[in-house]
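Novice: I am attaching a structure below and will ask some questions about it afterwards.
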2 protein chains.
Amino acid sequence: MHDGRAAASPPATLGNSEFDRDTQVRRRDGGHPGLYDADLSAGWAIGEAVNGGYLLALTARALGDALAQPDPFTVTAHYLTASRPGPAVVRTDPAPPGRTLAAGSATLLQRANDGTETERLRVLATYGDLDRLTDEVRTSAEPPPIPPADQCLSAADDPHHDPATAPPIAARLDLRLDPATVGWAVGAPSGRGEMRAWFALADGRDLDPLALLLAVDALPPTAFELGITGWVPTVELTAHIRCRPAPGPVRVAITTRNLAGGFLEEDAEVWDSADRLVAQSRQLARVLTR
Amino acid sequence: MHDGRAAASPPATLGNSEFDRDTQVRRRDGGHPGLYDADLSAGWAIGEAVNGGYLLALTARALGDALAQPDPFTVTAHYLTASRPGPAVVRTDPAPPGRTLAAGSATLLQRANDGTETERLRVLATYGDLDRLTDEVRTSAEPPPIPPADQCLSAADDPHHDPATAPPIAARLDLRLDPATVGWAVGAPSGRGEMRAWFALADGRDLDPLALLLAVDALPPTAFELGITGWVPTVELTAHIRCRPAPGPVRVAITTRNLAGGFLEEDAEVWDSADRLVAQSRQLARVLTR
């Protein structure tokens, strides 16, 4: 991994990377408690819209500043309208904190073309301190079956890949897809609702809880492997961050079991290099067939 | 099923049952848009606290009135402080609705002993109309392995069961636990994070989306089967309601794969009598060992 854009320069570090710069939020001074200004970067766009995981990470960063605890333990986002690159505001509303957990809400807003303030997403989250959790692990979960990264496929392996026309976000992620889940890319979807990949940031920045919020929504939709070619917008996504990831890429495995009535769920697991289940997420998405 | 309290009288009907009466919310008139008064019934208490699924159903009912769509599609609740039987207020905050979906937030509040208003739970949800979904089902999910209800165990099968001292909620639910997941009750937990049961309302009222919100948090904690005897309070619970359940009891299967750092997830599936996956939920809970 990390052999793409980062090859010529040393890896970016936590706090000093594209992802850190692009998720920056600035607390607005005086008379506006809990209000943050942000700029949604075109670098995380797919088509005209900005990636949902990036939006979630940016909003979660504002909450991390507004709440009495540092780390997202459980974060839910409902996606209301498509976000566009450009200025945005995050309005936070903390609940009275508990002893070790602190909950709060946030709304991400942008001005529509006609100047009216428009809600992009609403978030509800509980934060805590991952460094204060016990080391006890009693898990029956097993890491997903995914080949080593060098046997997986990146965008560059696609003969039709053209960095000039690929979505900007593709250059920022180092995604290596399990060959068993890329049939859709060659017109032969497996029919199984599965998607697996190694995930890292292309500039080599290590992953933290905010980057995990990006990771859970960064893979191609499982719907592609079910033979669905339309858009699959997220209605709601909930992520649990269970521990701080060890350095290095993570494995992301996504499963869809129930496609019914035009909706499907995507269940994601994220495993770190120390073989720990660092995040779990589930999203409800809508199938808009072409 | 339905052979308990309801034996002497005809089954309660949708809209006219204990559950309907106890989840009632009254819109407050004049100058208080989105505000609802409620009474948390002692009938759904366990110990001093009121059951989380009941609270979720009651809050979801207020949202169903406040939002432009009738049915909860995805509902997330963060539990902040323990609710007590007695008066409560639900404050709703709808987002501008979309064409077929409508999102909104709600907060359930009660007065603490000293008279200060205290947040009990915060909810974020997206509603739609289950009757307008397509009939298409392409699912790989299979119903859980659970024996027929007459081979499962109800509270009455416990020789130590005493209706006079059992929590009030026990009389309102008709729960039949899979014998394979009740080892904890006789001091022999299986060590597997699994809990399965048939679920119905004791008065025979059929289940609807609101009752499914009760069903996903009504079983004993999976932690019991992992040998944990302490309290396992819910931090956050997200439920997806995928279709309106057919008449009759549902099967609820709950799995815990990852117990780590003092937290665990509980994944629930609810299957109706027509073998459809009608709800999925996941909660993050905290393990408070004695």
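Ligands are numbered from 1 in the order shown, chains are lettered A, B, ... in the order of the structure tokens, and residues start at 1 in each chain.
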Using only C-alpha atoms, find each residue of chain A with at least one atom at most 9 Å away from an atom of chain B; report its shortest atom-to-atom pair and that distance in Å (one decimal), sort the rows by chain and rising residue number, and return the result as CSV.

Specialist:
```
residue,atom,partner,partner_atom,distance
A:Phe73,CA,B:Leu284,CA,8.8
A:Thr74,CA,B:Glu236,CA,7.2
A:Thr76,CA,B:Thr76,CA,7.3
A:Ala77,CA,B:Leu124,CA,8.5
A:His78,CA,B:Thr126,CA,7.4
A:Tyr79,CA,B:Ala103,CA,8.9
A:Leu80,CA,B:Ala103,CA,7.5
A:Thr81,CA,B:Gly98,CA,8.5
A:Ala95,CA,B:Glu119,CA,7.6
A:Pro96,CA,B:Glu119,CA,8.0
A:Pro97,CA,B:Leu80,CA,8.4
A:Gly98,CA,B:Leu80,CA,7.6
A:Leu101,CA,B:Leu80,CA,8.9
A:Ala102,CA,B:Leu80,CA,8.5
A:Ala103,CA,B:His78,CA,7.5
A:Gly104,CA,B:Arg122,CA,8.6
A:Ser105,CA,B:Arg122,CA,8.6
A:Thr118,CA,B:Pro96,CA,8.7
A:Glu119,CA,B:Ala95,CA,7.6
A:Arg122,CA,B:Leu124,CA,7.9
A:Val123,CA,B:Leu124,CA,7.7
A:Leu124,CA,B:Leu124,CA,6.6
A:Ala125,CA,B:His78,CA,7.6
A:Thr126,CA,B:His78,CA,7.4
A:Leu130,CA,B:Gly261,CA,8.6
A:Arg132,CA,B:Gly261,CA,8.7
A:Leu133,CA,B:Gly261,CA,4.9
A:Thr134,CA,B:Gly261,CA,4.5
A:Asp135,CA,B:Gly261,CA,5.5
A:Glu136,CA,B:Gly261,CA,5.3
A:Val137,CA,B:Ala260,CA,4.2
A:Arg138,CA,B:Leu259,CA,5.1
A:Thr139,CA,B:Asn258,CA,4.4
A:Ser140,CA,B:Arg257,CA,5.1
A:Ala141,CA,B:Arg257,CA,5.1
A:Glu142,CA,B:Arg257,CA,8.9
A:Arg192,CA,B:Ser140,CA,8.2
A:Gly193,CA,B:Ser140,CA,8.3
A:Val235,CA,B:Thr126,CA,7.9
A:Glu236,CA,B:Thr74,CA,7.2
A:Thr238,CA,B:Thr238,CA,7.6
A:His240,CA,B:Leu284,CA,7.5
A:Arg242,CA,B:Ala260,CA,7.5
A:Cys243,CA,B:Gly261,CA,8.0
A:Thr256,CA,B:Ser140,CA,8.2
A:Arg257,CA,B:Ser140,CA,5.1
A:Asn258,CA,B:Thr139,CA,4.4
A:Leu259,CA,B:Arg138,CA,5.1
A:Ala260,CA,B:Val137,CA,4.2
A:Gly261,CA,B:Thr134,CA,4.5
A:Gly262,CA,B:Thr134,CA,6.3
A:Phe263,CA,B:Arg242,CA,8.0
A:Leu264,CA,B:Arg242,CA,8.8
A:Glu265,CA,B:His240,CA,8.7
A:Leu277,CA,B:Asn258,CA,7.6
A:Gln280,CA,B:Glu265,CA,9.0
A:Arg282,CA,B:Arg282,CA,8.3
A:Leu284,CA,B:His240,CA,7.5
```

Novice: As a list of chain:residue names, please: all residues of range 142-252 of chain A that backbone DSSP puts in alpha helix (DSSP H).

Specialist: A:Pro168, A:Ile169, A:Ala170, A:Ala171, A:Arg172, A:Pro209, A:Leu210, A:Ala211, A:Leu212, A:Leu213, A:Leu214, A:Ala215, A:Thr222, A:Ala223, A:Phe224, A:Glu225

Novice: Could those residues be written to a file, using C-alpha atoms, as a PDB file, in the first residue's frame?

Specialist:
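Output contents, as saved in result-v2.pdb:
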```pdb
ATOM      1  CA  PRO A 168     -11.373  13.310  -7.368  1.00  0.00           C
ATOM      2  CA  ILE A 169     -11.876  11.094  -4.311  1.00  0.00           C
ATOM      3  CA  ALA A 170     -10.292   8.157  -6.159  1.00  0.00           C
ATOM      4  CA  ALA A 171      -6.893   9.853  -5.964  1.00  0.00           C
ATOM      5  CA  ARG A 172      -7.208  10.368  -2.212  1.00  0.00           C
ATOM      6  CA  PRO A 209     -11.524   7.294  14.382  1.00  0.00           C
ATOM      7  CA  LEU A 210     -12.486  10.110  11.979  1.00  0.00           C
ATOM      8  CA  ALA A 211     -10.837   8.325   9.050  1.00  0.00           C
ATOM      9  CA  LEU A 212     -12.757   5.162   9.999  1.00  0.00           C
ATOM     10  CA  LEU A 213     -15.975   7.129   9.453  1.00  0.00           C
ATOM     11  CA  LEU A 214     -14.681   7.696   5.936  1.00  0.00           C
ATOM     12  CA  ALA A 215     -13.688   4.040   5.521  1.00  0.00           C
ATOM     13  CA  THR A 222     -22.637  -3.952  -2.650  1.00  0.00           C
ATOM     14  CA  ALA A 223     -25.597  -3.395  -4.986  1.00  0.00           C
ATOM     15  CA  PHE A 224     -23.134  -3.483  -7.902  1.00  0.00           C
ATOM     16  CA  GLU A 225     -22.402  -7.134  -7.107  1.00  0.00           C
TER      17      GLU A 225
END
```

Novice: Mind checking DSSP for range 14-252 of chain A and telling me the strand (DSSP E or B) residues as a PyMOL selection string?

Specialist: chain A and resi 16+25-27+35-40+45-46+49-50+71-79+86-94+102-111+117-128+137-139+153+173-177+194-201+231+234-241+250-252

Novice: Name all residues at most 9 Å from Arg176 in chain B (count only C-alpha atoms; drop same-chain ones fewer than 5 positions away) and give them as a PyMOL selection string.

Specialist: chain B and resi 1+149-155+196-200

Novice: Do a neighbour search on Thr255 in chain A at 6 Å with only C-alpha atoms, toss out local chain neighbours closer than 2 positions, and write the hits as a list in words.

Specialist: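 Once the nearby chain positions are removed, what remains is Gly193, Glu194, Glu266 and Asp267 of chain A.
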
Novice: For the residues in that selection, give me C-alpha atoms as a PDB file, in the first residue's frame.

Specialist:
```
ATOM      1  CA  GLY A 193     -24.160  -8.761  -1.728  1.00  0.00           C
ATOM      2  CA  GLU A 194     -20.508  -8.563  -0.738  1.00  0.00           C
ATOM      3  CA  GLU A 266     -25.031  -2.464   4.035  1.00  0.00           C
ATOM      4  CA  ASP A 267     -23.270  -3.938   7.064  1.00  0.00           C
TER       5      ASP A 267
END
```
